[in-house]
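Below is one structure; the comments refer to it alone.
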Amino acid sequence: MNLTSLVRPHFIKRIDAITYTTLNARGTQSSQLGMLLKNGRKTLVGERLGFTGISGYDDYRSHVPVSGYVDIRPLVERMIAGEKDILWPGMTRRFAQSSGTSDGKSKYIPVTADSLRRNHYQGGSDVVSTYLHLYPDSRMFDGKGFILGGSFANELTLPAGVKVGDLSANLIDAINPLVNLVRVPSKRIALMEDWRQKLPALVKASIHSDITNISGVPSWFLTVLKEVIAAAGASTIHDVWPHLEVFFHGGISFKPYREQYAHITDPARMRYIETYNASEGFFAVQSAIEDPALLLLLDIGIFYEFIPLDETDDKFPRALSAWEVKEGETYAMIITSCNGLWRYALGDTVTVTSVHPLKIIISGRTKHYINTFGEELMVYNADAAIAATCRELNCAIANYTAAPVYAGDKSRGRHEWLIEFSREPDDMEAFADALDRNLCSENSDYQAKRAGNLFLDRLSIVKGRPGVFDTWLASTGKLGGQRKIPRLSNDRRIMDPLLQLNNIG
């Protein structure tokens with residue numbers, strides 16, 4: 001009997017609970033909110049906002065304002081300094097460092113013991129349960145998992161015992177030691193900060209292992225897999241790891257990378273499961289093979305709310321609960337969580353594809369979009385158009401970002417795309433034409449603005465030199481781990497520095 005068959009019943013028994021809770025959103029989510037408020041009553045925030053007097057969701061959304069990181073930054077800094085009972089009961093010693101806010105500073109999201117137990121690790125376990133349910137023939141535990149993580153920040157001013165770093169670094173550092181028996185690399189290698197040393201160490205640690213599953217961000221893992229293939233003198237990763245069967249991925253859209261993974265894997269043997277796992281919490285998992293929508297996990301320490309996109313800047317918007325949303329609508333998602341985030345605006349937008357059970361697709365960011373000319377271009381539009389264009393012209397990208405070029409006295413506005421290709425198209429102008437056409441197909445507002453070249457000119461492409469995006473990330477202190485390039489910007493504060501770096505090269 002193989003090891004997977006022995007542990008499979010433990011994971012499969014969770015499926016009934018997931019099914020029940022997702023089909024009973026109101027009861028499940030009301031219970032989660034009650035638990036969270038009970039825990040928060042004796043915190044500083046709970047006393048300020050009167051949690052003791054809140055008896056249900058209607059009370060909650062009318063008394064507690066929606067907040068962003070700027071609103072809670074002073075409280076988080078007090079937590080880092082060692083104060084207890086601020087956002088969540090007790091003292092918090094771990095913080096997930098995330099991308100900067102509009103003021104250019106990093107975010108430090110509390111990672112409480114409750115959030116690790118109730119949410120992050122439970123969410124990871126639910127992913128495995130879902131996968132084993134979808135694929136009864138899996139033998140993923142007969143080999144090892146390759147988990148690609150980040151590192152801790154080198155913060156000399158942190159109090160003793162406080163750890164700040166990527167969420168993945170915190171998860172790897174705090175994980176049950178028994179898990180290390182079925183994963184690579186070692187904790188020492190996994191938490192290395194310098195990727196110039198870390199990448200060859202990752203290759204050495206994994207190349208001779210029997211890897212059956214990999215977990216991480218597509219863009220970073222692509223680089224690692226290519227290095228493993230090259231070191232082994234192989235053609236595909238399955239030549240190195242013949243039992244590799246699944247990639248659990250998240251963090252960024254997989255669409256722009258799907259073709260590149262098809263080139264370095266055996267597509268007949270490779271499976272892909274998308275997850276929605278952020279510094280702020282573990283939210284959802286792909287629960288059907290042919291349906292890319294993600295099942296929202298409703299009983300793992302998070303209460304969800306959904307805001308109409310035209311009210312994302314309001315403190316008391318017309319928020320909807322998980323049992324009030326409508327199919328086909330796009331919302332900004334906010335959470336209340338056992339890491340002490342109360343009605344916290346994630347900055348993510350999601351489109352509801354099903355309400356019973358509640359399924360979503362990640363459609364973009366409230367701040368990462370282009371709507372300079374009324375085109376309302378979202379990240380998921382751009383990802384889909386890029387993927388279609390690459391298929392059409394047999395090319396592949398490593399990274400991209402786009403920003404508006406504003407209209408001049410004698411010119412209309414347009415979008416400018418900086419693209420680093422891993423396989424260039426034969427004709428860059430043909431690529432621009434195809435991308436423009438595919439954007440029109442993906443977004444009716446963009447198509448309307450492009451009609452007859454009356455309001456918006458065809459987009460333009462700037463070819464990125466190899467490594468330009470990594471250079472930019474390094475210049476901002478965000479290279480490594482699982483940091484991401486902002487795909488779309490409504491201004492040129494990211495694009496212009498990137499173009500300067502591109503020209504230097």
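Chain labels run A, B, ... following the order of the structure tokens; each chain numbers its residues from 1, and ligands are numbered from 1 in the order shown.
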
Need the shell around Val350 in chain A: protein/DNA/RNA residues with any atom at most 12 Å away, counting only C-alpha atoms. Skip same-chain ones fewer than 6 positions apart. Format as a ChimeraX atom specification?
/A:276,283-284,293-296,304-309,325-334,358-366,378-380

Applying 12 Å and only C-alpha atoms, which residues near Ser151 in chain A remain after dropping the ones on its own chain fewer than 5 positions away? List them as a PyMOL selection string.
chain A and resi 96-98+163-173+187-195+198+478-483

For His249 in chain A, which of A:Leu499, A:Val184, A:Ile175, A:Ile147 is the closest residue, counting only C-alpha atoms?
A:Ile147

Out of range 333-436 of chain A, which residues get alpha helix (DSSP H) from DSSP, as a list of chain:residue names?
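Taking range 333-436 of chain A and keeping alpha helix (DSSP H) gives A:Val379, A:Tyr380, A:Asn381, A:Ala382, A:Asp383, A:Ala384, A:Ala385, A:Ile386, A:Ala387, A:Ala388, A:Thr389, A:Cys390, A:Arg391, A:Glu392, A:Leu393, A:Met428, A:Glu429, A:Ala430, A:Phe431, A:Ala432, A:Asp433, A:Ala434, A:Leu435, A:Asp436.
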
From a backbone DSSP assignment, name each residue in range 217-317 of chain A labelled strand (DSSP E), as a ChimeraX atom specification.
/A:246-249,271-278,281-286,294-296,302-308

For Val405 in chain A, list every protein, DNA or RNA residue within 8 Å, evaluated using only C-alpha atoms, and leave out those in the same chain fewer than 6 positions away; present the list as a list in words.
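Surrounding residues, per the criterion: Gly413, Arg414, His415 and Glu416 of chain A.
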
Shell of 12 Å around range 125-131 of chain A, only C-alpha atoms, local chain residues under 6 positions omitted, as JSON, numbers by chain:
{"A": [4, 7, 8, 9, 10, 11, 12, 13, 14, 15, 16, 17, 18, 19, 116, 117, 118, 119, 137, 138, 139, 140, 141, 145, 179, 213, 214, 215, 245, 246, 247, 248, 249, 250, 271, 272, 273, 274, 275, 276, 277, 282, 283, 284, 285, 286, 287, 288, 289, 294, 295, 296, 297, 298, 299, 300]}

When you look at Pro466 in chain A with a cut-off of 10 Å (counting only C-alpha atoms), what residues show up, excluding the ones that are within fewer than 3 positions of it in the same chain? I need them as a VMD selection string.
chain A and resid 398 to 399 419 to 422 463 469 to 471 502 505

Pick from A:Arg492, A:Arg391, A:Lys255, A:Lys315: nearest to Thr372 in chain A, with only C-alpha atoms counted?
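Smallest distance to Thr372 in chain A is found for A:Arg492.
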